[in-house]
Each structure stands twice: as structure tokens, then as C-alpha cells.
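S.K.: I have a structure I would like to understand better, so I am pasting it below and will then ask my questions one at a time.
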Amino acid sequence: MAEAVPTIVWFRQDLRLLDNAALSAAIAERRPVIALYVLIEQQGDWAMGGASRWWLHHSLASLATSLESKGARLMLRRGDPAQIVAGLAAECGAATVHANICPEPHWRAADTALAARLEAAGRRFVPHRGFTLFDPALIKTRAGGIYGMFTPFANAAREAAGPPPPLPEPATIPPPANQPLSDTLADWGLRPQHPDWSQGMAATFTPGEPAARARGRTFLRGVVREYDTGRDLPGQDLTSMLSPHLHWGEISAGSLWHALHRRPPDRAAQTFANELLWREFAAYLLWHHPTLPDRPLRPEFENLPWRHDPAGLRAWQRGQTGIPIVDAGMRQLWQTGWMHNRVRMVVASFLVKHLLVHWRVGAQWFWDTLVDADLGANSMNWQWAAGTGIDSQPFFRIFNPMTQGEKFDADGAYVRRFVPELARMPDKFLHAPWRAAPLVLAEAGVRLGATYPAPIVDLALGRARALAVWQQTVRGTAPASAGA
DNA sequence: TTTTGAGTTGTTCGA
DNA sequence: GTCGAACAACTCAAA
């Protein structure tokens, strides 16, 4: 029998075996399957961040193990993806390349380039839906436009054709007779060294499909019941923490969607389904607005007078702003590669509104430090925080971080965990130590400006200044009584 | 085409 | 401490 022609399945942000349309389609061809991952040597602002690289290393190691248990091997190559994949197809004579579609502009550009190269060589690129629940190209307003608000989008999505039932994990994956050459994962240097700052992440997360499935199961069996109210409380572990697993595709959004819809409908499960639709909306917006990471969706905000404030930015990044809930969030991010959603809104609002630092600067810090860094979600949410994007709510909605702390971390469990120097402060002043009398501070062992910073910005003045700037930009008029 | 109802997540003030 | 109104009128999407 002649050497069988292999087919290629190209993994990107779908590092899983279960419910993987590209993988299942490749196996269905009944040819030897070459599983491939290509590391992109991407330059520029949105090159993969440090936390993402750490996650990717471990997720690829996990995927390689899973593939080996099915009889296949994971090929690793690095370089320009279209060139690498087309080159490998030529090298091994593959007729088809299967991949799951990703919404990021660089992946779409790579797919277009690859499809052209393959076609020119008489081969075929076969894209599949994998990252999103719905095909972003098919969700349009009645007038044929692109949705700019969440609720109408979500309503339309619920009426559209949803994800098919999850595909089973393949029993075996037939390998080619001759394995192409592969890079060695360790040589890619994705893990941090000198120093190795990944311990906090490793203590919080386990990358890879088995851990993703386990977390999904645990969440859907228990925690989701309290999701409706509990998800807003950063001091309690009542969120799914599935975001990095979803970003890397270790678990598919579709399988979670179906698991939710197999349950009797309750408010908590509906709230979680809504969060999946927010993830969907972010991918949709990035699909239709590829400039989302760099340009405000509302162009008048190009000219907002952002401040250059290296000292303020550094204090924010290190969790040394003197605002406890902000510092707790930024330290959680630095230590664990993740931040509670409620606190993300607070720290983003603080940077953008109180410090008047450009939202893209904040987005880039998140990009480098989050294990769940996702171009669509990160860009959409920072534009939301800055009021430059999808939300047409009034511009004067400015989070007061002290009030947010008192409301959502009333017992101070979150702040005390990540800002231990304030642990002995009484609840009443924990979120505003600058308001405490000297005796109270002394009894708690706190010296403002020494053991913990004094606030780097007066919250009332910062709010007034932001109101003035946004009002000027939105209405083109100076406010009646500018506070700054 | 025009009209109409509604929009993730807030804060402050004054009764 | 709690509650409702004001903030200020904009943009989106559907009818």
C-alpha cells in the first residue's frame, strides 16, 4: 500500500481534544493526522505577553500529552504561520489543513494568506467555527448593520443558530508514518526565568484541558448556584475562573453553553450564560472592528487630553496608589495573573478617569500580566471603562473606588488578603485609611506615606477633573463649574 | 423615514 | 442609614 497522504490540523486558541471541530474533521478524512502548533514571532504592541507565554508553555505540554495518549504527536514550529503551515503541507504532501477560526485580526490575516498559498499549490484550507458560539458574520441588525450595544446583540444571538452539540473526544488519532521535524517546547523559552515569577500563577491555575474540564465541572455543579449575587464579591471565590481556559480553548464555549442549557433554567445559570455572551460580543466586535485594540470606537475620543503620568502609572501597576481596593486588585494581578472582574472595572476606571491615563496604556499592562489576556475582551472592556466604545451610558459614571470597596468588599477580606499592611485596620476605615484618625492608624500599625502610601490623587478632585475633561470632549463645552 | 423605547456593572445629594 | 431623583440628554435598534 502506498504511503498515505496526511492531513494537518493546526492548533491555535483551541488547545483541546473535546469538541474540536478542526481535529474531528481532520480525523474524519481517515488519513494520518499531523497536529501542529506554530509560535508566531509577532512584533508590536500586541505580541504575546509574559503571563500568556507562561500559560501557553504548560498548555502545549498538556496538549502534547493528551495527543500522545491517542497515538499522535504535537509538531512545534515557529515563524510566519502562513509560510510555516504551507511549507509543512508541501513537505509532507498534505492535501488539506484544518483549523478553528479565531477572531483576532492577525489570525484572520494569516488564514487569508495561508488559504492563498495552499490554493496555489492545489491544496485546501478548511476553517471551522471553534472559538465563538455563533458565526460573527451572521449576526446583523434588521437593517444589516453591526450591533453596537450588548442587549440587542445578545437577543439576536439567542435567536441565531447556536453551537452544535459538543463533538466527542477522538478515540485514536492516526499518526503519519514519518513524523516531520519538530521544535522542542523547552527551547522556545516561554517560561519566565531570572527571576521565575510564575509561582503565584501556578498556585492559582493549572493550564491544560484536563484542569479546564475539571474546573468547568466543579463550577457547574456547585458554585454557579451562587453566581448571580456572588460574582460581584471579590473576597469570595464565586466566579468560574474559566477565562484563561476559555481564551486558550482548553474548554469550548459551546460545551459550556450546552451544559448550561441541559440544566433547569435558573437566574444564576442565566447570568453565567450572559457572561458567555459578553465574551461572544467581544469577539464579534473585534471581528467587525479590527482596530478595536488601538482606536476608540467613537472617534471624538481620539482627542481626549490624556495625561502623561509615569509616576502615577507605575504606582498603579505596582499596587501603590494608596487606594486599598485598587492596590489589592493590581497586586492580585501581579501575583496570580488574574483579577476579579468587579475589581478590574474599579482599577480601570481609576487609571482612566482619576489619573487620566490613556486606556490603551492600561490595556497593554493587562495584556502583559493577565493569563486570560484576550484581545477582544481586553480591548472592549477597556473601551467600556473609558467610555470610548460600546456603552452609551452617561459619561459622568465614574467609579468611586472607596465606595466600590465598601459596597463589594464590606468585610475587607479581599483587601486584607492582598494588602496585608492594612490587615489590622478596622472595617470602617479599611477602604479609606486617609480618613482614619491618627490613633486608629497607630493602633493598626499603619503610617501613611511610610508603611502604606497616602492616596496619589484626591478622589473628589480626580472625579471633578475627569468630569470636566469628558464633558468637554462629549459636548464640546467647558463645564459650568470645573473642579480642576 | 420618523418615532420610540431603552441602554451591564455609578455617584451624589437631599429628604 | 435609606431612598429616589438628578446627573444630561446620546446613541442604538426596531417598529
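We label chains A, B, ... in the order they appear in the C-alpha cells, count residues from 1 in each chain, and number ligands from 1 in the order shown.
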Using only C-alpha atoms (C1' of nucleotides), determine which residues lie at most 10 Å from stretch 5-7 of chain B, disregarding the query and same-chain residues fewer than 6 positions distant; provide the list as a ChimeraX atom specification.

M.R.: /A:149-152,391-393 /C:11-14

S.K.: Write a file of the just-selected residues containing N, CA and C atoms (P, O5', C5', C4', C3', O3' and C1' of nucleotides), as a PDB file, in the first residue's frame.

M.R.:
```
ATOM      1  N   MET A 149     -24.511  47.606  20.746  1.00  0.00           N
ATOM      2  CA  MET A 149     -24.946  47.513  22.134  1.00  0.00           C
ATOM      3  C   MET A 149     -25.130  46.051  22.488  1.00  0.00           C
ATOM      4  N   PHE A 150     -24.861  45.737  23.748  1.00  0.00           N
ATOM      5  CA  PHE A 150     -24.868  44.334  24.145  1.00  0.00           C
ATOM      6  C   PHE A 150     -26.252  43.703  24.069  1.00  0.00           C
ATOM      7  N   THR A 151     -27.245  44.350  24.649  1.00  0.00           N
ATOM      8  CA  THR A 151     -28.537  43.688  24.798  1.00  0.00           C
ATOM      9  C   THR A 151     -29.169  43.307  23.446  1.00  0.00           C
ATOM     10  N   PRO A 152     -29.240  44.229  22.493  1.00  0.00           N
ATOM     11  CA  PRO A 152     -29.772  43.806  21.186  1.00  0.00           C
ATOM     12  C   PRO A 152     -28.934  42.704  20.548  1.00  0.00           C
ATOM     13  N   ASP A 391     -20.512  51.647  25.010  1.00  0.00           N
ATOM     14  CA  ASP A 391     -21.518  51.960  26.012  1.00  0.00           C
ATOM     15  C   ASP A 391     -21.945  53.409  25.847  1.00  0.00           C
ATOM     16  N   SER A 392     -23.229  53.625  25.692  1.00  0.00           N
ATOM     17  CA  SER A 392     -23.699  54.989  25.523  1.00  0.00           C
ATOM     18  C   SER A 392     -24.332  55.516  26.804  1.00  0.00           C
ATOM     19  N   GLN A 393     -23.924  54.952  27.900  1.00  0.00           N
ATOM     20  CA  GLN A 393     -24.386  55.474  29.187  1.00  0.00           C
ATOM     21  C   GLN A 393     -23.742  56.840  29.448  1.00  0.00           C
TER      22      GLN A 393
ATOM     23  P    DT C  11     -24.805  61.065  19.741  1.00  0.00           P
ATOM     24  O5'  DT C  11     -24.967  59.484  19.678  1.00  0.00           O
ATOM     25  C5'  DT C  11     -24.196  58.673  20.553  1.00  0.00           C
ATOM     26  C4'  DT C  11     -24.740  57.278  20.498  1.00  0.00           C
ATOM     27  C3'  DT C  11     -25.081  56.796  19.081  1.00  0.00           C
ATOM     28  O3'  DT C  11     -24.453  55.550  18.907  1.00  0.00           O
ATOM     29  C1'  DT C  11     -26.946  56.507  20.522  1.00  0.00           C
ATOM     30  P    DC C  12     -24.490  54.843  17.530  1.00  0.00           P
ATOM     31  O5'  DC C  12     -25.478  53.643  17.869  1.00  0.00           O
ATOM     32  C5'  DC C  12     -25.257  52.914  19.057  1.00  0.00           C
ATOM     33  C4'  DC C  12     -26.453  52.034  19.326  1.00  0.00           C
ATOM     34  C3'  DC C  12     -26.898  51.210  18.120  1.00  0.00           C
ATOM     35  O3'  DC C  12     -26.990  49.869  18.556  1.00  0.00           O
ATOM     36  C1'  DC C  12     -28.736  52.364  19.075  1.00  0.00           C
ATOM     37  P    DA C  13     -26.901  48.755  17.493  1.00  0.00           P
ATOM     38  O5'  DA C  13     -28.429  48.397  17.292  1.00  0.00           O
ATOM     39  C5'  DA C  13     -29.132  47.882  18.415  1.00  0.00           C
ATOM     40  C4'  DA C  13     -30.605  47.860  18.122  1.00  0.00           C
ATOM     41  C3'  DA C  13     -31.005  47.248  16.784  1.00  0.00           C
ATOM     42  O3'  DA C  13     -31.929  46.235  17.068  1.00  0.00           O
ATOM     43  C1'  DA C  13     -32.096  49.325  17.098  1.00  0.00           C
ATOM     44  P    DA C  14     -32.519  45.292  15.949  1.00  0.00           P
ATOM     45  O5'  DA C  14     -34.054  45.653  16.049  1.00  0.00           O
ATOM     46  C5'  DA C  14     -34.655  45.659  17.344  1.00  0.00           C
ATOM     47  C4'  DA C  14     -35.990  46.331  17.258  1.00  0.00           C
ATOM     48  C3'  DA C  14     -36.888  45.820  16.124  1.00  0.00           C
ATOM     49  O3'  DA C  14     -38.199  45.718  16.626  1.00  0.00           O
ATOM     50  C1'  DA C  14     -36.632  48.144  15.943  1.00  0.00           C
TER      51       DA C  14
END
```

S.K.: If you run DSSP on this backbone, which residues of stretch 14-124 of chain A come out as helix (DSSP H, G or I), and could you give them as a PyMOL selection string?

M.R.: chain A and resi 21-28+50-69+81-92+105-120

S.K.: A:Ala423, A:Ala156, A:Ala94, A:Leu459: which is nearest chain C, counting only C-alpha atoms (C1' of nucleotides)?

M.R.: A:Ala156

S.K.: Give me the chain A side of the contact with chain C, cut-off 12 Å, one line per residue showing its nearest atom pair and distance in Å at one decimal, counting only C-alpha atoms (C1' of nucleotides), sorted by chain and residue number, as a Markdown table.

M.R.:
```
| residue | atom | partner | partner_atom | distance |
| --- | --- | --- | --- | --- |
| A:Lys140 | CA | C:DA13 | C1' | 10.9 |
| A:Thr141 | CA | C:DA13 | C1' | 7.4 |
| A:Arg142 | CA | C:DA14 | C1' | 7.7 |
| A:Ala143 | CA | C:DA13 | C1' | 8.8 |
| A:Gly144 | CA | C:DA13 | C1' | 11.0 |
| A:Gly145 | CA | C:DA13 | C1' | 9.7 |
| A:Ile146 | CA | C:DA13 | C1' | 10.3 |
| A:Tyr147 | CA | C:DC12 | C1' | 8.2 |
| A:Gly148 | CA | C:DC12 | C1' | 7.0 |
| A:Met149 | CA | C:DC12 | C1' | 6.9 |
| A:Phe150 | CA | C:DC12 | C1' | 10.3 |
| A:Thr151 | CA | C:DA13 | C1' | 10.2 |
| A:Pro152 | CA | C:DA13 | C1' | 7.3 |
| A:Phe153 | CA | C:DA13 | C1' | 9.8 |
| A:Asn155 | CA | C:DA13 | C1' | 11.4 |
| A:Ala156 | CA | C:DA13 | C1' | 11.1 |
| A:Arg298 | CA | C:DT11 | C1' | 10.9 |
| A:Gly389 | CA | C:DT11 | C1' | 11.4 |
| A:Ile390 | CA | C:DT11 | C1' | 9.8 |
| A:Asp391 | CA | C:DT11 | C1' | 9.0 |
| A:Ser392 | CA | C:DT11 | C1' | 6.2 |
| A:Gln393 | CA | C:DC10 | C1' | 8.0 |
| A:Pro394 | CA | C:DA8 | C1' | 7.6 |
| A:Phe395 | CA | C:DA8 | C1' | 9.4 |
| A:Phe396 | CA | C:DC7 | C1' | 7.3 |
| A:Arg397 | CA | C:DC7 | C1' | 9.0 |
| A:Ile398 | CA | C:DC7 | C1' | 11.5 |
| A:Leu467 | CA | C:DC7 | C1' | 10.9 |
| A:Gln471 | CA | C:DA8 | C1' | 10.1 |
| A:Val474 | CA | C:DC10 | C1' | 9.5 |
| A:Arg475 | CA | C:DA8 | C1' | 10.1 |
| A:Pro479 | CA | C:DA8 | C1' | 11.9 |
```

S.K.: What are the residues of chain B lining chain A at 9 Å or less? Count only C-alpha atoms (C1' of nucleotides), and put the answer as a ChimeraX atom specification.

M.R.: /B:7-11

S.K.: Could you please take those selected residues and save C-alpha atoms (C1' of nucleotides) as a short mmCIF file (atom, residue, chain, number, x, y, z; two decimals), in the first residue's frame?

M.R.:
```
data_model
loop_
_atom_site.label_atom_id
_atom_site.label_comp_id
_atom_site.auth_asym_id
_atom_site.auth_seq_id
_atom_site.Cartn_x
_atom_site.Cartn_y
_atom_site.Cartn_z
"C1'" DG B 7 -29.26 51.08 27.36
"C1'" DT B 8 -24.08 45.58 32.44
"C1'" DT B 9 -21.78 46.88 36.19
"C1'" DG B 10 -22.48 54.57 39.14
"C1'" DT B 11 -22.35 58.62 42.33
#
```

S.K.: Taking the DSSP secondary structure from the backbone, can you list the residues of stretch 41-197 of chain A that are strand (DSSP E or B), as number ranges by chain?

M.R.: A: 74-78, 96-101, 124-129

S.K.: For a test of reading the model, state the distance in Å between atom CA of A:Ile101 and atom CA of A:Leu88, rounded to one decimal.

M.R.: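 It comes out at 19.6 Å.
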
S.K.: With a distance cut-off of 7 Å and only C-alpha atoms (C1' of nucleotides), select the neighbouring residues of A:Phe134, excluding the residue or stretch itself and same-chain residues fewer than 6 positions from it, and output the selection as a PyMOL selection string.

M.R.: chain A and resi 161-163

S.K.: How would the residues just picked look written out with C-alpha atoms as a PDB file, in the first residue's frame?

M.R.:
```
ATOM      1  CA  ALA A 161     -28.205  29.131  15.229  1.00  0.00           C
ATOM      2  CA  GLY A 162     -26.176  28.266  18.292  1.00  0.00           C
ATOM      3  CA  PRO A 163     -23.291  25.856  18.611  1.00  0.00           C
TER       4      PRO A 163
END
```

S.K.: Would you compute the distance between atom CA of A:Gly122 and atom CA of A:Gln83? Give it in Å to one decimal.

M.R.: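 Computed distance, atom CA of A:Gly122 to atom CA of A:Gln83, equals 15.5 Å.
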
S.K.: Residues near A:Ala377, anyone? I mean within 12 Å using only C-alpha atoms (C1' of nucleotides), not counting same-chain ones fewer than 4 positions away, as JSON, numbers by chain.

M.R.: {"A": [103, 104, 243, 244, 246, 247, 275, 276, 277, 278, 279, 280, 281, 282, 283, 284, 285, 286, 287, 292, 293, 341, 363, 366, 367, 370, 372, 373, 381, 382, 383, 384]}

S.K.: Residues as selected, N, CA and C atoms, written as a compact mmCIF listing (two decimals), in the first residue's frame, can you do that?

M.R.:
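Written output follows (again_38.txt):
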```txt
# COMPACT_ATOMS: atom_id res chain seq x y z
N PRO A 103 -10.97 35.14 16.10
CA PRO A 103 -11.43 36.46 15.68
C PRO A 103 -10.34 37.52 15.58
N GLU A 104 -9.14 37.25 16.08
CA GLU A 104 -8.09 38.28 16.09
C GLU A 104 -7.64 38.60 14.67
N SER A 243 -11.79 31.93 32.59
CA SER A 243 -11.40 32.81 31.48
C SER A 243 -10.11 32.39 30.78
N PRO A 244 -9.02 32.04 31.48
CA PRO A 244 -7.83 31.63 30.71
C PRO A 244 -8.05 30.33 29.96
N LEU A 246 -10.83 29.33 28.68
CA LEU A 246 -11.63 29.67 27.50
C LEU A 246 -10.78 30.40 26.47
N HIS A 247 -9.92 31.30 26.93
CA HIS A 247 -9.10 32.03 25.96
C HIS A 247 -8.25 31.07 25.13
N GLU A 275 -22.67 35.96 30.61
CA GLU A 275 -21.23 36.26 30.58
C GLU A 275 -20.58 35.61 29.37
N LEU A 276 -21.05 34.40 29.01
CA LEU A 276 -20.55 33.78 27.79
C LEU A 276 -20.91 34.63 26.57
N LEU A 277 -22.09 35.27 26.63
CA LEU A 277 -22.49 36.13 25.52
C LEU A 277 -21.66 37.42 25.49
N TRP A 278 -21.22 37.87 26.65
CA TRP A 278 -20.30 39.04 26.65
C TRP A 278 -18.98 38.68 26.00
N ARG A 279 -18.49 37.47 26.31
CA ARG A 279 -17.28 37.01 25.64
C ARG A 279 -17.51 36.97 24.12
N GLU A 280 -18.71 36.51 23.77
CA GLU A 280 -19.09 36.42 22.36
C GLU A 280 -19.13 37.80 21.71
N PHE A 281 -19.69 38.76 22.46
CA PHE A 281 -19.82 40.12 21.94
C PHE A 281 -18.44 40.73 21.69
N ALA A 282 -17.49 40.44 22.60
CA ALA A 282 -16.14 40.97 22.43
C ALA A 282 -15.51 40.41 21.14
N ALA A 283 -15.68 39.11 20.92
CA ALA A 283 -15.13 38.50 19.70
C ALA A 283 -15.82 39.09 18.46
N TYR A 284 -17.11 39.31 18.58
CA TYR A 284 -17.91 39.88 17.49
C TYR A 284 -17.43 41.29 17.14
N LEU A 285 -17.23 42.10 18.20
CA LEU A 285 -16.77 43.47 17.96
C LEU A 285 -15.38 43.48 17.33
N LEU A 286 -14.50 42.60 17.80
CA LEU A 286 -13.15 42.57 17.23
C LEU A 286 -13.20 42.09 15.77
N TRP A 287 -14.10 41.16 15.50
CA TRP A 287 -14.26 40.65 14.14
C TRP A 287 -14.65 41.78 13.18
N LEU A 292 -10.28 47.78 17.04
CA LEU A 292 -10.74 47.89 18.43
C LEU A 292 -9.60 48.00 19.46
N PRO A 293 -8.49 47.26 19.31
CA PRO A 293 -7.43 47.37 20.32
C PRO A 293 -6.70 48.71 20.32
N ASN A 341 -13.35 40.25 38.34
CA ASN A 341 -13.98 41.14 37.35
C ASN A 341 -14.43 42.47 37.93
N ALA A 363 -4.63 48.85 28.97
CA ALA A 363 -4.88 47.61 28.24
C ALA A 363 -3.57 46.86 28.00
N PHE A 366 -2.47 45.09 31.25
CA PHE A 366 -3.28 43.88 31.41
C PHE A 366 -2.82 42.81 30.42
N TRP A 367 -2.52 43.25 29.21
CA TRP A 367 -2.13 42.30 28.15
C TRP A 367 -0.89 41.52 28.57
N LEU A 370 -1.99 39.41 32.41
CA LEU A 370 -3.13 38.53 32.60
C LEU A 370 -2.89 37.17 31.93
N ASP A 372 -5.39 35.42 31.22
CA ASP A 372 -6.55 35.30 30.32
C ASP A 372 -6.57 36.42 29.28
N ALA A 373 -5.42 37.08 29.07
CA ALA A 373 -5.36 38.19 28.12
C ALA A 373 -5.97 37.78 26.78
N ASN A 381 -13.39 45.85 26.96
CA ASN A 381 -13.64 46.25 28.34
C ASN A 381 -12.89 47.53 28.70
N TRP A 382 -11.70 47.73 28.15
CA TRP A 382 -11.01 49.00 28.42
C TRP A 382 -11.72 50.15 27.74
N GLN A 383 -12.24 49.92 26.56
CA GLN A 383 -13.00 50.98 25.91
C GLN A 383 -14.30 51.25 26.67
N TRP A 384 -14.85 50.20 27.25
CA TRP A 384 -16.04 50.41 28.07
C TRP A 384 -15.70 51.28 29.28
```
